[in-house]
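Below is one structure, written out as structure tokens; the observations come after it.
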Amino acid sequence: MIIIFTARNSIGETFTITKMNVERMKQEERLFCKSCASPVMIKAGQIKIPHFAHEKTMKCAFASEGESEEHLAAKRQMMAWFCYQGLPVELESYFPEINRQADIFVNGKTVIEFQRSTVPISEMIQRTMDYLSLGLEVHWILGQTLKKDKGRICLSAFQQAFIQFDQKLGYHFWHYSVEHENCTLYYHLTFEKGNRFFASEMPFSMKVSFSEWKKKIARIITRHAYVKRDREFERQKICFYYAKFKKHGQFMQKLYNAGYYLHYLPKEIGVDLEEQFLVMTPAIEWQFDLWDNFFKGLEKGDTFSGECFLESFQSVVTQIQTIWLSPNENLKLGKAYISYLISKGMLAEIPENRYRVKRKMTFTNNRVGQI
């Protein structure tokens with residue numbers, strides 16, 4: 001049976017069940033599901049959280065939304081915190097206009113969605129668009145356990161979908177721990193490699209006021225983390241990985257058919273920049289395709305526009321799916337690559353957002369010659 005926390009009585013009054021009001025709820029003659037209007041019953045034992053459940057197996061619009069005990073506990077804990085702030089809060093608020101049910105609805109204008117299970121990212125995006133269509137404010141909070149390793153956090157593709165950007169906080173996301181009953185802001189995310197990020201952490205207790213939260217956030221200062229990189233060593237690791245695990249893959253086949261050898265590619269191809277996490281395409285693949293489609297046709301002294309370069313860049317990458325980041329967020333990676341090539345003396349910036357080729361990329365093996 002589906003587990004729900006809110007129900008309506010026969011005259012339309014809405015109730016949210018808690019341990020404190022279970023006996024009061026039992027005094028109601030009949031209670032009904034807010035979404036499908038089917039009768040519900042009270043389930044309140046010694047172990048499980050008090051909740052409502054459909055009396056019979058019904059075709060409810062949300063009957064497939066099974067939730068774990070941790071998810072249910074998180075919603076109750078968050079509701080208690082909002083109540084502590086003196087804000088009107090409702091669990092499982094149903095919006096018939098968009099056929100959506102929000103985990104938490106605060107102050108008549110803000111939707112809080114707590115996500116613990118892995119679902120299609122496109123579904124979270126659509127839910128967000130539906131709420132925004134009603135003029136509501138939306139916040140997504142990640143509830144999955146985060147893997148940490150040697151001062152880094154490891155984020156799966158699904159977990160990265162919660163990342164958003166702010167000028168002060170940089171790339172960041174919110175996480176909630178049911179076990180510790182606290183919310184943590186991970187901010188100033190800096191990509192290292194693979195799925196690993198450096199990040200600053202700021203925990204928030206659910207036992208203090210929101211004004212204290214705001215004071216802590218106000219103390220955050222804008223900064224840019226520096227990650228020392230050994231480009232040559234990173235390239236060696238990439239070549240080893242492709243040679244061992246992807247030697248029959250499409251990229252290696254493309255190199256072979258074109259007469260190129262992975263280890264002899266120019267050192268400017270295969271560079272993991274801090275913005276690399278914004279695309280799913282590996283750096284060595286999109287940078288090779290970018291040379292093949294764009295740089296190969298340029299000679300020393302030629303010029304090109306930034307717009308033309310970014311158009312070619314977007315044609316060779318696939319952006320990650322996120323709830324909040326702009327569809328053009330990956331342009332930051334393209335611009336970062338331009339800056340890298342300038343720093344290596346390959347390009348020079350000239351007026352009107354144009355660039356001049358100072359030298360061509362060269363293979364590391366002399367017999368191959370210049371690209």
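As shown in the structure tokens, the chain order sets the letters A, B, ...; within each chain, residues go from 1, and ligands are also counted from 1 in the order they appear.
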
Next item on the list: Report as a VMD selection string: the residues of stretch 95-254 of chain A with a DSSP assignment of helix (DSSP H, G or I), based on the backbone of this structure.
Entry: chain A and resid 121 to 133 157 to 160 210 to 218 231 to 245 250 to 254

Margin query: as a VMD selection string, please: the residues near stretch 90-94 of chain A (cut-off 7 Å, only C-alpha atoms, same-chain neighbours under 4 positions excluded).
Written below: chain A and resid 5 to 6 16 34 to 35 100 to 106

How about saving the chosen residues, all heavy atoms kept, as a short mmCIF file (atom, residue, chain, number, x, y, z; two decimals), in the first residue's frame?
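The result, written out as part32.cif:
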```cif
data_model
loop_
_atom_site.label_atom_id
_atom_site.label_comp_id
_atom_site.auth_asym_id
_atom_site.auth_seq_id
_atom_site.Cartn_x
_atom_site.Cartn_y
_atom_site.Cartn_z
N PHE A 5 0.94 10.90 4.37
CA PHE A 5 0.90 11.57 5.67
C PHE A 5 -0.28 12.53 5.81
O PHE A 5 -0.62 12.92 6.91
CB PHE A 5 2.20 12.35 5.91
CG PHE A 5 3.37 11.47 6.22
CD1 PHE A 5 4.53 11.56 5.46
CD2 PHE A 5 3.35 10.57 7.26
CE1 PHE A 5 5.63 10.78 5.74
CE2 PHE A 5 4.44 9.78 7.55
CZ PHE A 5 5.58 9.87 6.79
N THR A 6 -0.84 12.95 4.69
CA THR A 6 -1.94 13.91 4.75
C THR A 6 -3.21 13.30 4.16
O THR A 6 -3.16 12.50 3.22
CB THR A 6 -1.58 15.19 3.97
OG1 THR A 6 -1.26 14.85 2.63
CG2 THR A 6 -0.40 15.89 4.62
N THR A 16 -2.46 16.42 8.73
CA THR A 16 -1.17 15.75 8.63
C THR A 16 -0.98 14.95 9.91
O THR A 16 -0.98 15.51 11.00
CB THR A 16 -0.02 16.77 8.47
OG1 THR A 16 -0.21 17.50 7.26
CG2 THR A 16 1.33 16.05 8.41
N LYS A 34 -6.02 12.69 -0.65
CA LYS A 34 -6.17 14.01 -1.26
C LYS A 34 -6.10 13.97 -2.79
O LYS A 34 -6.63 14.85 -3.46
CB LYS A 34 -5.08 14.95 -0.74
CG LYS A 34 -5.25 15.33 0.72
CD LYS A 34 -4.03 16.10 1.22
CE LYS A 34 -3.75 17.30 0.39
NZ LYS A 34 -2.55 18.04 0.84
N SER A 35 -5.42 12.97 -3.33
CA SER A 35 -5.26 12.95 -4.78
C SER A 35 -6.35 12.17 -5.50
O SER A 35 -6.85 12.60 -6.52
CB SER A 35 -3.89 12.37 -5.15
OG SER A 35 -3.76 11.05 -4.68
N ARG A 100 0.62 16.72 -9.83
CA ARG A 100 1.87 16.49 -9.09
C ARG A 100 1.60 16.54 -7.59
O ARG A 100 0.71 17.27 -7.13
CB ARG A 100 2.92 17.55 -9.43
CG ARG A 100 3.38 17.55 -10.87
CD ARG A 100 4.21 16.34 -11.20
NE ARG A 100 4.82 16.42 -12.51
CZ ARG A 100 5.49 15.44 -13.09
NH1 ARG A 100 5.63 14.29 -12.45
NH2 ARG A 100 6.01 15.58 -14.30
N GLN A 101 2.39 15.80 -6.86
CA GLN A 101 2.31 15.80 -5.41
C GLN A 101 3.69 16.12 -4.84
O GLN A 101 4.64 15.36 -5.03
CB GLN A 101 1.84 14.44 -4.88
CG GLN A 101 1.73 14.37 -3.36
CD GLN A 101 1.07 13.11 -2.90
OE1 GLN A 101 -0.16 12.99 -2.95
NE2 GLN A 101 1.86 12.13 -2.45
N ALA A 102 3.80 17.26 -4.18
CA ALA A 102 5.08 17.71 -3.63
C ALA A 102 5.36 17.05 -2.29
O ALA A 102 4.44 16.84 -1.50
CB ALA A 102 5.09 19.22 -3.49
N ASP A 103 6.62 16.74 -2.04
CA ASP A 103 6.98 16.19 -0.73
C ASP A 103 6.59 17.14 0.38
O ASP A 103 5.93 16.75 1.35
CB ASP A 103 8.49 15.92 -0.66
CG ASP A 103 8.89 14.65 -1.38
OD1 ASP A 103 8.01 13.80 -1.61
OD2 ASP A 103 10.08 14.50 -1.71
N ILE A 104 7.01 18.39 0.25
CA ILE A 104 6.74 19.40 1.28
C ILE A 104 6.36 20.71 0.58
O ILE A 104 6.98 21.10 -0.40
CB ILE A 104 7.98 19.63 2.17
CG1 ILE A 104 8.45 18.32 2.79
CG2 ILE A 104 7.70 20.65 3.27
CD1 ILE A 104 9.78 18.40 3.51
N PHE A 105 5.34 21.36 1.10
CA PHE A 105 4.89 22.64 0.56
C PHE A 105 4.90 23.66 1.69
O PHE A 105 4.20 23.49 2.70
CB PHE A 105 3.49 22.50 -0.03
CG PHE A 105 3.02 23.71 -0.80
CD1 PHE A 105 3.85 24.36 -1.69
CD2 PHE A 105 1.73 24.19 -0.64
CE1 PHE A 105 3.42 25.45 -2.42
CE2 PHE A 105 1.28 25.28 -1.36
CZ PHE A 105 2.13 25.93 -2.24
N VAL A 106 5.72 24.70 1.54
CA VAL A 106 5.96 25.64 2.63
C VAL A 106 5.43 27.02 2.30
O VAL A 106 5.67 27.57 1.21
CB VAL A 106 7.48 25.75 2.93
CG1 VAL A 106 7.72 26.64 4.15
CG2 VAL A 106 8.09 24.38 3.16
#
```

Next item on the list: Show which residues sit within 12 Å of A:Gly345, as number ranges by chain. Count only C-alpha atoms, and ignore same-chain residues fewer than 6 positions away.
Entry: A: 268, 300, 338-339, 355-361

At a cut-off of 8 Å, using only C-alpha atoms, what residues contact A:Leu185? Leave out same-chain residues fewer than 6 positions from it and give the result as a CSV table (one decimal) with N, CA and C atoms, in the first residue's frame.
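Output saved as around24.csv:
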```csv
chain,number,residue,atom,x,y,z
A,172,HIS,N,27.3,24.2,-6.5
A,172,HIS,CA,26.9,23.7,-5.1
A,172,HIS,C,25.7,22.9,-5.2
A,173,PHE,N,25.4,22.2,-4.1
A,173,PHE,CA,24.1,21.4,-4.0
A,173,PHE,C,23.9,21.2,-2.5
A,174,TRP,N,22.6,20.9,-2.2
A,174,TRP,CA,22.2,20.6,-0.8
A,174,TRP,C,22.0,19.1,-0.6
A,175,HIS,N,22.4,18.7,0.6
A,175,HIS,CA,22.2,17.3,1.0
A,175,HIS,C,21.6,17.2,2.4
A,201,GLU,N,32.3,22.3,2.9
A,201,GLU,CA,31.0,21.8,3.5
A,201,GLU,C,30.6,22.7,4.6
A,202,MET,N,29.3,22.9,4.6
A,202,MET,CA,28.7,23.7,5.7
A,202,MET,C,27.5,23.0,6.3
A,203,PRO,N,27.6,22.4,7.4
A,203,PRO,CA,26.4,21.7,8.0
A,203,PRO,C,25.4,22.6,8.7
A,204,PHE,N,24.2,22.3,8.7
A,204,PHE,CA,23.1,23.1,9.3
A,204,PHE,C,22.3,22.2,10.2
```

Next item on the list: Please provide as a VMD selection string all residues within 12 Å of stretch 68-78 of chain A, with the sequence filter that same-chain residues fewer than 5 positions apart are discarded (counting only C-alpha atoms).
Entry: chain A and resid 2 to 6 16 to 19 47 to 52 83 to 85 87 89 to 92 102 to 106 112 to 117 141 to 145 175 to 183 205 to 207

Next item on the list: Kindly indicate which residue among A:Phe15, A:Phe198, A:Trp140, A:Phe313 lies nearest to A:Val111, using only C-alpha atoms for the distances.
Entry: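 Nearest to A:Val111: A:Trp140.
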
Margin query: Here is a test: counting only C-alpha atoms, which residue of A:Pro266, A:Gly334, A:Gly151, A:Pro96 is nearest to A:Leu278?
Written below: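 Going through A:Pro266, A:Gly334, A:Gly151, A:Pro96 one by one, the smallest distance to A:Leu278 is for A:Gly334.
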
Note to self: Considering only C-alpha atoms, can you say which of A:His54, A:Lys246, A:His139, A:His263 comes closest to A:Arg127?
What the structure shows: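 Ranking A:His54, A:Lys246, A:His139, A:His263 by distance to A:Arg127, first place goes to A:His139.
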
Item checked: Atomic distance atom CA of A:Leu333 - atom CA of A:Gln250, expressed in Å with one decimal ->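 Going from atom CA of A:Leu333 over to atom CA of A:Gln250, I get 23.3 Å.
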
Margin query: Give me, as a PyMOL selection string, all polymer residues having an atom no more than 8 Å from A:Asp272, counting only C-alpha atoms and skipping those fewer than 2 positions away in the same chain.
Written below: chain A and resi 193+270+274+276+283

Could you please take those selected residues and save all heavy atoms as a compact mmCIF listing (two decimals), in the first residue's frame?
```txt
# COMPACT_ATOMS: atom_id res chain seq x y z
N LYS A 193 38.88 14.93 -11.22
CA LYS A 193 38.91 13.99 -12.35
C LYS A 193 37.82 12.95 -12.13
O LYS A 193 37.35 12.74 -11.02
CB LYS A 193 40.27 13.31 -12.46
CG LYS A 193 40.68 12.52 -11.22
CD LYS A 193 42.06 11.91 -11.39
CE LYS A 193 42.48 11.17 -10.11
NZ LYS A 193 43.84 10.57 -10.25
N GLY A 270 43.42 15.97 -24.62
CA GLY A 270 43.33 15.10 -23.45
C GLY A 270 43.54 15.86 -22.16
O GLY A 270 44.01 15.31 -21.16
N GLU A 274 38.76 22.17 -15.22
CA GLU A 274 37.87 22.16 -14.06
C GLU A 274 36.40 22.07 -14.46
O GLU A 274 35.57 21.60 -13.69
CB GLU A 274 38.11 23.41 -13.21
CG GLU A 274 39.46 23.41 -12.50
CD GLU A 274 39.66 24.66 -11.67
OE1 GLU A 274 38.70 25.42 -11.51
OE2 GLU A 274 40.79 24.87 -11.19
N GLN A 276 35.23 20.25 -16.91
CA GLN A 276 35.02 19.03 -17.68
C GLN A 276 33.76 18.28 -17.25
O GLN A 276 33.09 17.63 -18.07
CB GLN A 276 36.24 18.11 -17.57
CG GLN A 276 36.09 16.74 -18.21
CD GLN A 276 35.81 16.78 -19.70
OE1 GLN A 276 36.32 17.65 -20.40
NE2 GLN A 276 35.00 15.84 -20.19
N ALA A 283 37.38 14.21 -22.22
CA ALA A 283 38.18 15.32 -22.74
C ALA A 283 38.99 14.92 -23.97
O ALA A 283 39.03 15.66 -24.97
CB ALA A 283 39.10 15.85 -21.65
```

Check: Pick the closest to A:Gly249 from A:Glu329, A:Trp81, A:Glu285, A:Leu265: which is it, counting only C-alpha atoms?
Finding: A:Glu285

Next item on the list: Figure out the distance between atom CA of A:Tyr337 and atom CA of A:Glu307, please, to one decimal in Å.
Entry: 13.9 Å

Next item on the list: May I ask for the distance between atom CA of A:Gly170 and atom CA of A:His224, given in Å to one decimal place?
Entry: 8.5 Å

Notebook entry, point to check: Hey, what does DSSP flag as strand (DSSP E or B) within stretch 79-209 of chain A? Can you give it to me as JSON, numbers by chain?
Noted result: {"A": [89, 90, 91, 92, 93, 94, 95, 100, 101, 102, 103, 104, 105, 106, 110, 111, 112, 113, 114, 115, 137, 138, 139, 140, 141, 142, 147, 148, 149, 152, 153, 154, 164, 165, 166, 170, 171, 172, 173, 174, 175, 176, 177, 182, 183, 184, 185, 186, 187, 188, 189, 190, 191, 192, 193, 196, 197, 198, 199, 200, 201, 202, 203, 204, 205]}

Note to self: Quick one: residues within 12 Å of A:Gln126, only C-alpha atoms, excluding same-chain residues fewer than 3 positions away - as a list in words?
What the structure shows: Ile98, Asn99, Arg100, Pro120, Ile121, Ser122, Glu123, Met129, Asp130, Tyr131, Leu132, Ser133, Thr322, Ile323 and Trp324 of chain A

Go ahead and save the residues from that selection, with all heavy atoms, as a compact mmCIF listing (two decimals), in the first residue's frame.
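Everything below was put into out11.txt:
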```txt
# COMPACT_ATOMS: atom_id res chain seq x y z
N ILE A 98 -1.44 20.23 -12.38
CA ILE A 98 -0.29 19.59 -13.04
C ILE A 98 -0.17 18.12 -12.66
O ILE A 98 0.76 17.45 -13.08
CB ILE A 98 1.02 20.33 -12.69
CG1 ILE A 98 1.21 20.40 -11.17
CG2 ILE A 98 1.04 21.73 -13.30
CD1 ILE A 98 2.53 21.02 -10.74
N ASN A 99 -1.12 17.64 -11.87
CA ASN A 99 -1.13 16.25 -11.43
C ASN A 99 0.20 15.86 -10.76
O ASN A 99 0.79 14.83 -11.05
CB ASN A 99 -1.40 15.30 -12.61
CG ASN A 99 -1.77 13.90 -12.15
OD1 ASN A 99 -2.37 13.72 -11.08
ND2 ASN A 99 -1.42 12.89 -12.93
N ARG A 100 0.62 16.72 -9.83
CA ARG A 100 1.87 16.49 -9.09
C ARG A 100 1.60 16.54 -7.59
O ARG A 100 0.71 17.27 -7.13
CB ARG A 100 2.92 17.55 -9.43
CG ARG A 100 3.38 17.55 -10.87
CD ARG A 100 4.21 16.34 -11.20
NE ARG A 100 4.82 16.42 -12.51
CZ ARG A 100 5.49 15.44 -13.09
NH1 ARG A 100 5.63 14.29 -12.45
NH2 ARG A 100 6.01 15.58 -14.30
N PRO A 120 14.91 8.85 -13.31
CA PRO A 120 15.40 9.56 -14.50
C PRO A 120 15.52 11.05 -14.24
O PRO A 120 14.60 11.68 -13.69
CB PRO A 120 14.32 9.25 -15.55
CG PRO A 120 13.72 7.96 -15.10
CD PRO A 120 13.72 8.02 -13.60
N ILE A 121 16.65 11.63 -14.61
CA ILE A 121 16.86 13.06 -14.40
C ILE A 121 15.82 13.87 -15.17
O ILE A 121 15.36 14.92 -14.71
CB ILE A 121 18.29 13.44 -14.83
CG1 ILE A 121 19.30 12.69 -13.96
CG2 ILE A 121 18.51 14.95 -14.71
CD1 ILE A 121 20.74 12.83 -14.43
N SER A 122 15.43 13.37 -16.32
CA SER A 122 14.41 14.07 -17.12
C SER A 122 13.10 14.20 -16.36
O SER A 122 12.37 15.19 -16.53
CB SER A 122 14.18 13.33 -18.43
OG SER A 122 13.78 11.98 -18.20
N GLU A 123 12.80 13.23 -15.50
CA GLU A 123 11.58 13.29 -14.69
C GLU A 123 11.68 14.41 -13.67
O GLU A 123 10.71 15.16 -13.45
CB GLU A 123 11.35 11.95 -13.99
CG GLU A 123 10.30 11.95 -12.90
CD GLU A 123 8.90 12.30 -13.37
OE1 GLU A 123 8.65 12.22 -14.59
OE2 GLU A 123 8.06 12.67 -12.52
N MET A 129 9.70 21.95 -13.98
CA MET A 129 9.03 22.83 -14.93
C MET A 129 7.54 22.94 -14.62
O MET A 129 6.95 24.01 -14.76
CB MET A 129 9.25 22.31 -16.35
CG MET A 129 10.71 22.31 -16.80
SD MET A 129 11.47 23.93 -16.71
CE MET A 129 10.53 24.82 -17.95
N ASP A 130 6.95 21.83 -14.20
CA ASP A 130 5.52 21.85 -13.85
C ASP A 130 5.25 22.76 -12.66
O ASP A 130 4.31 23.56 -12.67
CB ASP A 130 5.04 20.43 -13.54
CG ASP A 130 4.98 19.55 -14.78
OD1 ASP A 130 5.02 20.09 -15.90
OD2 ASP A 130 4.90 18.32 -14.63
N TYR A 131 6.08 22.67 -11.62
CA TYR A 131 5.91 23.53 -10.45
C TYR A 131 6.13 25.00 -10.82
O TYR A 131 5.39 25.88 -10.38
CB TYR A 131 6.90 23.14 -9.35
CG TYR A 131 6.61 21.80 -8.70
CD1 TYR A 131 7.63 20.87 -8.50
CD2 TYR A 131 5.34 21.46 -8.26
CE1 TYR A 131 7.39 19.64 -7.91
CE2 TYR A 131 5.08 20.24 -7.67
CZ TYR A 131 6.11 19.33 -7.50
OH TYR A 131 5.86 18.11 -6.91
N LEU A 132 7.15 25.26 -11.63
CA LEU A 132 7.44 26.64 -12.03
C LEU A 132 6.30 27.22 -12.84
O LEU A 132 6.06 28.44 -12.79
CB LEU A 132 8.74 26.70 -12.83
CG LEU A 132 10.04 26.37 -12.07
CD1 LEU A 132 11.23 26.38 -13.03
CD2 LEU A 132 10.26 27.35 -10.93
N SER A 133 5.60 26.37 -13.58
CA SER A 133 4.47 26.86 -14.39
C SER A 133 3.34 27.42 -13.51
O SER A 133 2.51 28.19 -13.98
CB SER A 133 3.93 25.74 -15.29
OG SER A 133 3.25 24.76 -14.52
N THR A 322 21.13 18.17 -15.82
CA THR A 322 20.97 18.67 -14.45
C THR A 322 19.61 19.34 -14.34
O THR A 322 18.99 19.69 -15.34
CB THR A 322 22.06 19.69 -14.08
OG1 THR A 322 21.91 20.86 -14.88
CG2 THR A 322 23.45 19.10 -14.26
N ILE A 323 19.19 19.55 -13.11
CA ILE A 323 17.89 20.17 -12.89
C ILE A 323 17.94 21.66 -13.19
O ILE A 323 17.02 22.22 -13.80
CB ILE A 323 17.43 19.95 -11.43
CG1 ILE A 323 17.34 18.46 -11.12
CG2 ILE A 323 16.08 20.63 -11.17
CD1 ILE A 323 17.13 18.14 -9.66
N TRP A 324 19.04 22.32 -12.79
CA TRP A 324 19.06 23.77 -12.79
C TRP A 324 20.03 24.42 -13.76
O TRP A 324 19.82 25.57 -14.15
CB TRP A 324 19.38 24.28 -11.38
CG TRP A 324 18.28 24.02 -10.40
CD1 TRP A 324 18.33 23.20 -9.30
CD2 TRP A 324 16.96 24.55 -10.42
NE1 TRP A 324 17.13 23.20 -8.64
CE2 TRP A 324 16.27 24.02 -9.30
CE3 TRP A 324 16.28 25.42 -11.27
CZ2 TRP A 324 14.96 24.34 -9.02
CZ3 TRP A 324 14.96 25.73 -11.00
CH2 TRP A 324 14.32 25.20 -9.88
```

Next item on the list: For each of A:Leu146, A:Met252, A:Leu310, A:Ala37, take the minimum atom-to-atom distance to A:Phe288, counting only C-alpha atoms, then give the residue where this is smallest.
Entry: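 Closest to A:Phe288 of all the choices is A:Met252.
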
Next item on the list: Give the answer as one residue: which of A:Phe32, A:Phe277, A:Trp286, A:Phe82 has the shortest atom-to-atom distance to A:Thr190, using only C-alpha atoms?
Entry: A:Phe277
